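Okay, query_29.cif is below, mmCIF, C-alpha atoms (C1' of nucleotides):
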data_target
loop_
_atom_site.label_atom_id
_atom_site.label_comp_id
_atom_site.auth_asym_id
_atom_site.auth_seq_id
_atom_site.Cartn_x
_atom_site.Cartn_y
_atom_site.Cartn_z
CA MET A 1 0.00 0.00 0.00
CA ALA A 2 1.90 3.08 1.23
CA GLU A 3 1.78 4.81 -2.13
CA THR A 4 3.89 7.90 -2.47
CA GLY A 5 1.13 9.69 -4.28
CA GLY A 6 3.57 11.77 -6.21
CA GLY A 7 4.18 9.84 -9.41
CA GLY A 8 7.83 9.21 -8.77
CA GLU A 9 7.52 5.58 -7.73
CA GLY A 10 8.69 4.01 -10.94
CA LEU A 11 5.30 3.86 -12.68
CA LEU A 12 4.39 0.56 -11.07
CA PHE A 13 0.76 1.39 -11.74
CA LEU A 14 1.39 1.04 -15.46
CA THR A 15 2.40 -2.61 -15.50
CA ASP A 16 0.38 -4.92 -17.70
CA GLU A 17 -0.93 -6.63 -14.60
CA GLN A 18 -2.13 -3.37 -13.11
CA LEU A 19 -3.76 -2.43 -16.38
CA ARG A 20 -5.48 -5.80 -16.56
CA LYS A 21 -6.89 -5.26 -13.11
CA GLY A 22 -8.19 -1.90 -14.24
CA ILE A 23 -9.83 -3.48 -17.26
CA GLU A 24 -11.57 -6.09 -15.17
CA ALA A 25 -12.58 -3.50 -12.61
CA MET A 26 -14.37 -1.63 -15.38
CA PHE A 27 -16.07 -4.79 -16.56
CA PHE A 28 -17.33 -5.96 -13.19
CA ALA A 29 -18.21 -2.50 -11.94
CA TYR A 30 -20.26 -1.70 -15.01
CA ARG A 31 -22.34 -4.76 -14.29
CA GLY A 32 -23.12 -3.43 -10.86
CA PHE A 33 -23.71 0.00 -12.29
CA THR A 34 -26.54 -1.21 -14.52
CA ALA A 35 -27.91 -3.94 -12.27
CA ASP A 36 -30.40 -1.90 -10.23
CA PRO A 37 -32.09 -0.02 -13.08
CA ASP A 38 -32.19 -3.25 -15.07
CA ARG A 39 -34.11 -4.91 -12.27
CA ILE A 40 -36.66 -2.10 -12.27
CA LEU A 41 -37.00 -2.10 -16.03
CA GLU A 42 -37.54 -5.81 -16.42
CA GLY A 43 -41.23 -6.51 -16.65
CA LEU A 44 -42.06 -2.91 -17.55
CA ASP A 45 -41.58 -3.58 -21.28
CA TYR A 46 -38.57 -1.28 -21.16
CA GLY A 47 -34.87 -1.92 -21.40
CA ARG A 48 -31.55 -0.24 -20.92
CA ALA A 49 -32.02 1.74 -24.10
CA HIS A 50 -35.14 3.37 -22.69
CA HIS A 51 -33.31 4.18 -19.51
CA ARG A 52 -30.56 5.96 -21.40
CA ALA A 53 -33.02 8.00 -23.44
CA VAL A 54 -35.01 9.01 -20.38
CA HIS A 55 -31.86 9.92 -18.51
CA PHE A 56 -30.57 12.31 -21.11
CA ILE A 57 -33.94 13.85 -21.87
CA ASN A 58 -34.27 14.54 -18.18
CA ARG A 59 -30.83 16.05 -18.01
CA SER A 60 -31.34 18.31 -21.00
CA PRO A 61 -35.04 18.99 -21.46
CA GLY A 62 -35.88 20.08 -24.97
CA LEU A 63 -32.91 18.47 -26.65
CA THR A 64 -33.45 17.41 -30.24
CA VAL A 65 -33.56 13.94 -31.70
CA SER A 66 -30.27 14.60 -33.48
CA SER A 67 -28.55 15.61 -30.28
CA LEU A 68 -29.79 12.55 -28.50
CA MET A 69 -28.58 10.37 -31.36
CA ALA A 70 -25.13 11.90 -31.05
CA ILE A 71 -25.03 11.46 -27.29
CA LEU A 72 -26.18 7.87 -27.35
CA GLY A 73 -24.21 6.97 -30.44
CA VAL A 74 -27.01 5.07 -32.14
CA THR A 75 -28.82 5.42 -35.45
CA LYS A 76 -32.07 7.26 -35.79
CA GLN A 77 -33.88 4.00 -36.55
CA SER A 78 -32.66 2.46 -33.35
CA LEU A 79 -33.42 5.54 -31.32
CA ASN A 80 -36.79 5.98 -32.95
CA ARG A 81 -37.95 2.54 -31.91
CA VAL A 82 -37.22 3.39 -28.30
CA LEU A 83 -38.58 6.92 -28.51
CA ARG A 84 -41.73 5.71 -30.23
CA THR A 85 -42.72 3.50 -27.30
CA LEU A 86 -41.87 6.20 -24.77
CA ILE A 87 -44.01 8.74 -26.61
CA ASP A 88 -46.88 6.31 -27.16
CA ASP A 89 -46.82 5.41 -23.49
CA GLY A 90 -46.94 9.06 -22.53
CA LEU A 91 -43.54 9.24 -20.86
CA VAL A 92 -41.98 11.57 -23.39
CA GLU A 93 -43.38 14.48 -25.32
CA ALA A 94 -41.94 15.57 -28.70
CA ARG A 95 -42.74 19.20 -29.38
CA ILE A 96 -42.15 20.79 -32.74
CA GLY A 97 -39.26 23.23 -32.59
CA ARG A 98 -40.17 26.92 -32.45
CA GLU A 99 -37.16 28.24 -34.31
CA ASP A 100 -36.68 25.33 -36.66
CA ARG A 101 -39.94 23.51 -37.08
CA ARG A 102 -38.22 20.45 -38.53
CA GLU A 103 -36.74 19.70 -35.15
CA ARG A 104 -38.43 17.84 -32.34
CA ASN A 105 -37.69 18.97 -28.82
CA LEU A 106 -37.97 16.16 -26.32
CA TYR A 107 -39.39 16.52 -22.82
CA LEU A 108 -40.34 14.13 -20.07
CA THR A 109 -43.97 14.19 -19.05
CA ASP A 110 -44.87 13.96 -15.38
CA LYS A 111 -45.25 10.25 -15.86
CA GLY A 112 -41.85 10.12 -17.50
CA MET A 113 -40.31 11.98 -14.60
CA VAL A 114 -41.69 9.40 -12.21
CA LEU A 115 -39.93 6.60 -14.05
CA GLU A 116 -36.75 8.62 -14.37
CA ARG A 117 -36.80 9.27 -10.67
CA SER A 118 -37.16 5.65 -9.72
CA LEU A 119 -34.38 4.62 -12.07
CA SER A 120 -31.94 7.31 -11.07
CA ASP A 121 -32.72 6.92 -7.40
CA ALA A 122 -31.69 3.30 -7.64
CA GLN A 123 -28.56 4.08 -9.59
CA ARG A 124 -27.61 6.97 -7.37
CA ALA A 125 -28.08 4.86 -4.26
CA ARG A 126 -25.40 2.47 -5.41
CA MET A 127 -23.15 5.27 -6.55
CA ARG A 128 -23.62 7.04 -3.24
CA ALA A 129 -22.75 3.91 -1.28
CA ALA A 130 -19.63 3.40 -3.38
CA TYR A 131 -18.61 7.04 -3.00
CA ARG A 132 -19.16 6.95 0.72
CA THR A 133 -17.11 3.78 1.08
CA ALA A 134 -14.30 5.06 -1.07
CA GLY A 135 -14.13 8.61 0.20
CA PRO A 136 -13.88 11.97 -1.55
CA GLN A 137 -10.28 11.65 -2.63
CA ALA A 138 -10.95 8.33 -4.33
CA VAL A 139 -13.99 9.84 -6.02
CA GLN A 140 -11.83 12.59 -7.43
CA GLY A 141 -9.44 9.99 -8.86
CA PHE A 142 -12.32 7.91 -10.18
CA ARG A 143 -13.70 10.83 -12.15
CA THR A 144 -10.28 11.85 -13.41
CA VAL A 145 -9.44 8.42 -14.81
CA LEU A 146 -12.86 7.94 -16.38
CA GLU A 147 -12.67 11.30 -18.08
CA ALA A 148 -9.24 10.45 -19.46
CA MET A 149 -10.63 7.20 -20.82
CA MET A 150 -13.35 8.81 -22.92
CA ASP A 151 -13.12 9.49 -26.62
CA PRO A 152 -12.58 13.21 -27.16
CA GLU A 153 -16.06 13.62 -28.61
CA MET A 154 -17.65 11.92 -25.62
CA ARG A 155 -15.52 13.97 -23.28
CA ARG A 156 -17.01 17.06 -24.84
CA GLN A 157 -20.51 15.71 -24.26
CA TYR A 158 -19.57 14.93 -20.70
CA LEU A 159 -17.97 18.25 -19.89
CA GLY A 160 -20.02 20.51 -22.10
CA LEU A 161 -23.35 19.76 -20.58
CA LYS A 162 -22.57 20.10 -16.94
CA GLU A 163 -24.34 22.96 -15.31
CA ALA A 164 -22.99 22.90 -11.79
CA GLY A 165 -19.48 21.83 -12.58
CA SER A 166 -17.05 19.69 -10.67
CA MET B 167 -8.75 20.98 -4.53
CA ALA B 168 -7.12 20.74 -1.07
CA GLU B 169 -9.26 17.80 -0.01
CA THR B 170 -8.96 16.78 3.59
CA GLY B 171 -9.02 13.13 2.61
CA GLY B 172 -10.93 12.27 5.70
CA GLY B 173 -14.55 12.80 4.68
CA GLY B 174 -15.11 15.76 6.93
CA GLU B 175 -15.67 18.38 4.25
CA GLY B 176 -19.41 18.35 4.31
CA LEU B 177 -19.88 15.45 1.89
CA LEU B 178 -20.17 17.76 -1.10
CA PHE B 179 -19.19 14.82 -3.27
CA LEU B 180 -22.45 13.08 -2.40
CA THR B 181 -24.83 15.65 -3.89
CA ASP B 182 -27.26 14.41 -6.51
CA GLU B 183 -25.45 16.50 -9.08
CA GLN B 184 -22.11 14.95 -8.24
CA LEU B 185 -23.63 11.50 -8.38
CA ARG B 186 -25.18 12.27 -11.75
CA LYS B 187 -21.79 13.28 -13.06
CA GLY B 188 -20.38 10.01 -11.80
CA ILE B 189 -23.14 8.09 -13.55
CA GLU B 190 -22.49 9.82 -16.84
CA ALA B 191 -18.76 9.40 -16.43
CA MET B 192 -19.31 5.66 -16.21
CA PHE B 193 -21.53 5.71 -19.27
CA PHE B 194 -19.22 7.69 -21.51
CA ALA B 195 -16.03 6.07 -20.25
CA TYR B 196 -17.36 2.58 -20.84
CA ARG B 197 -17.94 3.53 -24.45
CA GLY B 198 -14.32 4.46 -24.80
CA PHE B 199 -13.29 1.40 -22.91
CA THR B 200 -14.88 -0.93 -25.46
CA ALA B 201 -14.31 1.15 -28.58
CA ASP B 202 -10.85 -0.10 -29.57
CA PRO B 203 -11.49 -3.84 -29.24
CA ASP B 204 -14.83 -3.37 -30.99
CA ARG B 205 -13.04 -1.83 -33.94
CA ILE B 206 -10.71 -4.79 -34.18
CA LEU B 207 -13.50 -7.31 -33.85
CA GLU B 208 -15.73 -5.83 -36.49
CA GLY B 209 -15.24 -7.68 -39.72
CA LEU B 210 -13.64 -10.69 -37.99
CA ASP B 211 -17.02 -12.36 -37.42
CA TYR B 212 -16.52 -11.82 -33.71
CA GLY B 213 -18.17 -9.55 -31.21
CA ARG B 214 -17.80 -8.28 -27.70
CA ALA B 215 -18.98 -11.59 -26.30
CA HIS B 216 -16.06 -13.37 -27.96
CA HIS B 217 -13.69 -10.79 -26.57
CA ARG B 218 -14.93 -11.36 -23.05
CA ALA B 219 -14.61 -15.13 -23.33
CA VAL B 220 -11.11 -14.91 -24.76
CA HIS B 221 -10.08 -12.47 -22.08
CA PHE B 222 -11.09 -14.64 -19.17
CA ILE B 223 -9.80 -17.86 -20.70
CA ASN B 224 -6.47 -16.15 -21.15
CA ARG B 225 -6.49 -14.91 -17.60
CA SER B 226 -7.33 -18.27 -16.08
CA PRO B 227 -6.24 -21.04 -18.44
CA GLY B 228 -8.08 -24.27 -17.84
CA LEU B 229 -11.16 -22.73 -16.27
CA THR B 230 -14.37 -24.67 -16.74
CA VAL B 231 -17.44 -23.74 -18.71
CA SER B 232 -19.38 -23.33 -15.46
CA SER B 233 -16.84 -20.94 -14.05
CA LEU B 234 -16.85 -18.89 -17.19
CA MET B 235 -20.65 -18.78 -17.13
CA ALA B 236 -20.54 -17.45 -13.59
CA ILE B 237 -17.94 -14.84 -14.41
CA LEU B 238 -19.69 -13.60 -17.52
CA GLY B 239 -23.17 -13.88 -16.05
CA VAL B 240 -24.76 -15.49 -19.10
CA THR B 241 -26.57 -18.75 -19.72
CA LYS B 242 -24.81 -21.81 -20.99
CA GLN B 243 -26.69 -21.59 -24.27
CA SER B 244 -25.48 -18.09 -24.86
CA LEU B 245 -21.94 -18.91 -23.85
CA ASN B 246 -21.93 -22.10 -25.86
CA ARG B 247 -22.75 -20.31 -29.07
CA VAL B 248 -19.74 -18.06 -28.61
CA LEU B 249 -17.48 -20.87 -27.44
CA ARG B 250 -18.58 -23.03 -30.35
CA THR B 251 -17.32 -20.59 -32.95
CA LEU B 252 -14.08 -19.99 -31.06
CA ILE B 253 -13.41 -23.73 -30.84
CA ASP B 254 -14.38 -24.37 -34.46
CA ASP B 255 -12.10 -21.57 -35.56
CA GLY B 256 -9.24 -23.03 -33.59
CA LEU B 257 -8.86 -20.17 -31.11
CA VAL B 258 -9.94 -22.11 -28.04
CA GLU B 259 -9.34 -25.68 -27.02
CA ALA B 260 -11.75 -27.52 -24.69
CA ARG B 261 -9.97 -30.38 -22.97
CA ILE B 262 -11.89 -32.98 -21.01
CA GLY B 263 -11.20 -32.58 -17.31
CA ARG B 264 -8.78 -35.07 -15.80
CA GLU B 265 -10.30 -35.20 -12.35
CA ASP B 266 -13.91 -34.79 -13.38
CA ARG B 267 -14.29 -35.88 -16.96
CA ARG B 268 -17.63 -34.12 -17.35
CA GLU B 269 -15.92 -30.79 -17.12
CA ARG B 270 -14.28 -28.99 -19.99
CA ASN B 271 -11.13 -27.05 -19.30
CA LEU B 272 -10.73 -24.14 -21.65
CA TYR B 273 -7.43 -22.99 -23.09
CA LEU B 274 -6.40 -20.54 -25.76
CA THR B 275 -4.53 -21.98 -28.70
CA ASP B 276 -1.58 -20.11 -30.14
CA LYS B 277 -3.96 -18.61 -32.63
CA GLY B 278 -6.28 -17.61 -29.82
CA MET B 279 -3.43 -15.96 -27.97
CA VAL B 280 -2.67 -13.86 -31.00
CA LEU B 281 -6.20 -12.48 -31.06
CA GLU B 282 -6.21 -11.99 -27.32
CA ARG B 283 -2.99 -10.07 -27.56
CA SER B 284 -4.22 -7.71 -30.23
CA LEU B 285 -7.42 -7.03 -28.32
CA SER B 286 -5.82 -6.51 -24.95
CA ASP B 287 -2.99 -4.47 -26.40
CA ALA B 288 -5.54 -2.05 -27.78
CA GLN B 289 -7.50 -1.92 -24.57
CA ARG B 290 -4.42 -1.60 -22.42
CA ALA B 291 -3.09 1.21 -24.57
CA ARG B 292 -6.13 3.31 -23.78
CA MET B 293 -6.05 2.36 -20.14
CA ARG B 294 -2.36 3.17 -19.97
CA ALA B 295 -2.89 6.58 -21.53
CA ALA B 296 -5.70 7.33 -19.09
CA TYR B 297 -3.64 6.15 -16.13
CA ARG B 298 -0.67 8.19 -17.22
CA THR B 299 -2.78 11.29 -17.66
CA ALA B 300 -4.52 10.88 -14.34
CA GLY B 301 -1.56 9.80 -12.23
CA PRO B 302 -1.09 7.03 -9.66
CA GLN B 303 -3.15 8.60 -6.93
CA ALA B 304 -6.15 8.98 -9.22
CA VAL B 305 -5.70 5.38 -10.35
CA GLN B 306 -5.86 4.25 -6.77
CA GLY B 307 -9.13 6.11 -6.30
CA PHE B 308 -10.49 4.83 -9.58
CA ARG B 309 -9.96 1.24 -8.53
CA THR B 310 -11.33 1.84 -5.06
CA VAL B 311 -14.61 3.32 -6.29
CA LEU B 312 -15.10 0.67 -8.97
CA GLU B 313 -14.54 -2.09 -6.47
CA ALA B 314 -17.09 -0.55 -4.13
CA MET B 315 -19.57 -0.39 -6.98
CA MET B 316 -19.51 -4.11 -7.75
CA ASP B 317 -22.02 -6.63 -6.54
CA PRO B 318 -20.49 -8.69 -3.73
CA GLU B 319 -20.35 -11.76 -5.93
CA MET B 320 -18.57 -9.91 -8.70
CA ARG B 321 -16.21 -8.39 -6.18
CA ARG B 322 -15.21 -11.88 -5.17
CA GLN B 323 -14.54 -12.76 -8.78
CA TYR B 324 -12.52 -9.62 -9.13
CA LEU B 325 -10.45 -10.03 -5.99
CA GLY B 326 -10.26 -13.78 -5.84
CA LEU B 327 -8.59 -14.32 -9.15
CA LYS B 328 -5.79 -11.86 -8.95
CA GLU B 329 -2.38 -13.46 -8.82
CA ALA B 330 -0.09 -10.49 -8.33
CA GLY B 331 -2.36 -8.43 -6.14
CA SER B 332 -2.78 -4.71 -5.88
"C1'" DC C 333 -25.05 -52.02 -9.56
"C1'" DT C 334 -28.38 -48.83 -10.05
"C1'" DT C 335 -30.01 -44.46 -9.68
"C1'" DG C 336 -30.01 -39.50 -8.89
"C1'" DG C 337 -28.00 -35.41 -9.86
"C1'" DA C 338 -24.39 -32.46 -11.79
"C1'" DA C 339 -21.86 -30.71 -15.89
"C1'" DT C 340 -22.08 -30.18 -20.46
"C1'" DG C 341 -23.86 -29.87 -25.29
"C1'" DT C 342 -27.42 -28.87 -28.45
"C1'" DC C 343 -31.87 -27.77 -30.84
"C1'" DA C 344 -35.57 -24.52 -31.24
"C1'" DA C 345 -37.85 -20.34 -30.56
"C1'" DC C 346 -37.93 -15.77 -29.16
"C1'" DA C 347 -36.72 -10.74 -27.73
"C1'" DA C 348 -33.97 -6.57 -27.27
"C1'" DG C 349 -31.47 -3.50 -29.49
"C1'" DG C 350 -27.96 -2.63 -32.56
"C1'" DC C 351 -27.27 -2.04 -37.94
"C1'" DT C 352 -28.10 -0.76 -43.28
"C1'" DG C 353 -30.91 0.66 -47.08
"C1'" DA C 354 -34.72 2.89 -49.00
"C1'" DC C 355 -38.37 6.02 -49.15
"C1'" DG C 356 -41.46 9.92 -47.71
"C1'" DT C 357 -42.58 14.44 -45.81
"C1'" DA C 358 -42.09 18.89 -44.09
"C1'" DA C 359 -39.37 22.77 -43.51
"C1'" DA C 360 -35.35 25.48 -44.12
"C1'" DT C 361 -31.84 27.09 -47.19
"C1'" DT C 362 -29.80 28.36 -51.40
"C1'" DA D 363 -37.46 26.14 -57.88
"C1'" DA D 364 -34.18 23.02 -56.33
"C1'" DT D 365 -31.62 21.18 -52.74
"C1'" DT D 366 -30.60 19.97 -48.18
"C1'" DT D 367 -31.82 18.95 -43.47
"C1'" DA D 368 -34.49 16.73 -39.68
"C1'" DC D 369 -37.28 13.36 -38.78
"C1'" DG D 370 -40.25 9.16 -39.28
"C1'" DT D 371 -40.92 4.64 -40.95
"C1'" DC D 372 -40.83 0.08 -43.33
"C1'" DA D 373 -38.12 -4.00 -44.14
"C1'" DG D 374 -34.58 -6.98 -43.19
"C1'" DC D 375 -30.40 -8.53 -40.94
"C1'" DC D 376 -27.03 -9.48 -36.97
"C1'" DT D 377 -25.39 -10.24 -32.24
"C1'" DT D 378 -26.27 -11.67 -27.97
"C1'" DG D 379 -29.12 -12.35 -24.50
"C1'" DT D 380 -33.30 -15.42 -22.79
"C1'" DT D 381 -36.41 -20.23 -21.81
"C1'" DG D 382 -37.53 -24.77 -22.47
"C1'" DA D 383 -36.58 -29.37 -23.65
"C1'" DC D 384 -33.74 -33.22 -24.15
"C1'" DA D 385 -29.36 -36.28 -24.57
"C1'" DT D 386 -25.00 -37.61 -22.80
"C1'" DT D 387 -21.59 -38.43 -19.63
"C1'" DC D 388 -20.00 -39.25 -15.30
"C1'" DC D 389 -19.51 -38.78 -10.21
"C1'" DA D 390 -21.44 -40.26 -6.00
"C1'" DA D 391 -24.76 -42.27 -2.92
"C1'" DG D 392 -27.64 -45.92 -1.80
#
Go ahead and render the structure in this file as structure tokens.
Amino acid sequence: MAETGGGGEGLLFLTDEQLRKGIEAMFFAYRGFTADPDRILEGLDYGRAHHRAVHFINRSPGLTVSSLMAILGVTKQSLNRVLRTLIDDGLVEARIGREDRRERNLYLTDKGMVLERSLSDAQRARMRAAYRTAGPQAVQGFRTVLEAMMDPEMRRQYLGLKEAGS
Amino acid sequence: MAETGGGGEGLLFLTDEQLRKGIEAMFFAYRGFTADPDRILEGLDYGRAHHRAVHFINRSPGLTVSSLMAILGVTKQSLNRVLRTLIDDGLVEARIGREDRRERNLYLTDKGMVLERSLSDAQRARMRAAYRTAGPQAVQGFRTVLEAMMDPEMRRQYLGLKEAGS
DNA sequence: CTTGGAATGTCAACAAGGCTGACGTAAATT
DNA sequence: AATTTACGTCAGCCTTGTTGACATTCCAAG
């Protein structure tokens, strides 16, 4: 243990073995990360794709279909299938754009917000427990490494849309 | 910055907004995490499922089908489909267990090791770059939070199979 | 030895959620 | 007026997950 914390310890943290551990940590942790929402979604006719859509619509109310496509990194056909069910079920509203009437601005309805709440509450609960266990300094490192791991375009999405900031 | 490192700074890191940022960091970072192997796999007739199987067979040569099922969290039918193609293509060898002849011990062939290498080289390169950018202290925090985020069972898989240790 | 159960393989059917290609419509732009 | 953009939709395909059913092999207990 007893890390120097300064970076001058011979880069032991960059050995292949250390990197492999990091890779597996990502794999196993991501499973935990999605487990709770998945449990809620199963049986509701919805899946992870719906969760993602609802999450980002909630975060940025009024965002367009194109923007959401870019954020999620899926095709319009794939997104449309998900959006279609959410709109038909009254969880999402697609308003015609005021400036550019070709665009559709997406909003959660009250019903949609209820689902979003239950999903994000579950996910936040796990994240909160992990944060609390690990402590603020670890959380700082966690965010730093994850941000460095993103593709530049995704990093822009991640950084560019934060309101409150780190 | 100037974190106390003790948790007595008012728990600002546990606000809903901070947790939301952590959630999105996981989402965007995981995309980057899988992007490079995915690029290699596309066109080879293989997918992410093959990557995962090859990774864990490489890590623990001789592991059984049951063990791999437990690690990957998929059904035998799903795993078998992936394993079938890997065996047929000569990337994986399934030897009958010596002690219990019902079991199949899985090994990478030389050909399988070549693929594993190219996939893990790509993934490690990104991980290495992120680690280098973030620094050893951040890496420590990264691993700590991820470990806390896992389901207990997955945490056992993660910790129990490491040879070199942290 | 026989039988029960465990480990594995396999066939079939199905679903979610990706993808491409093609086509249509409305609205903005040139 | 022609073109481009944003979006929706139909059709079909792929990967990877799921259940259910059934066969085989083999260990272990009676």
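Residues from chain A that have an atom within 10 Å of chain C, counting all atoms listed in the file, are Tyr46, Gly47, Arg48, Ala49, Val74, Thr75, Gln77, Ser78, Leu79, Arg81, Val82, Asp100, Arg101, Arg102 and Glu103 of chain A.
For the residues B:Ile237, B:Leu325, B:Val258, B:Ala304, ranking by smallest atom-to-atom distance to chain A using all atoms listed in the file places B:Ala304 first.
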key: Selection result for the PyMOL selection byres ((chain B and resi 300) around 10) on this file, as a ChimeraX atom specification   = /A:141-149 /B:294-299,301-305,308
query = Which residues, written as a list in words, have at least one atom at most 12 Å from Leu238 in chain B, with all atoms listed in the file counted and residues fewer than 6 positions away on the same chain left out?
reply =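 So the residues in contact are Glu24, Phe27, Phe28 and Arg31 of chain A; Arg214, Ala215, His216, His217, Arg218, Ala219, Val220, His221, Phe222, Ile223, Val231, Ser232, Ser244, Leu245, Val248, Glu319, Met320, Gln323 and Tyr324 of chain B; DG379 of chain D.
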On this structure, the PyMOL selection byres ((chain D) within 8 of (chain A)) would catch which residues? List them as a CSV table (one decimal) with C-alpha atoms (C1' of nucleotides), in the coordinates of the input, sorted by chain and number.
chain,number,residue,atom,x,y,z
D,368,DA,C1',-34.5,16.7,-39.7
D,369,DC,C1',-37.3,13.4,-38.8
D,370,DG,C1',-40.2,9.2,-39.3
ask   = What does the distance between C1' of DT378 in chain D and CA of Glu208 in chain B come to in Å, to one decimal place?
value = 14.8 Å
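Using all atoms listed in the file, the shortest contact distance between chain A and any of B:Ile262, B:Ala288, B:Leu229, B:Ala195 is found at B:Ala195.
Here CA of Gln289 in chain B and CA of Ala236 in chain B stand 23.1 Å from one another.
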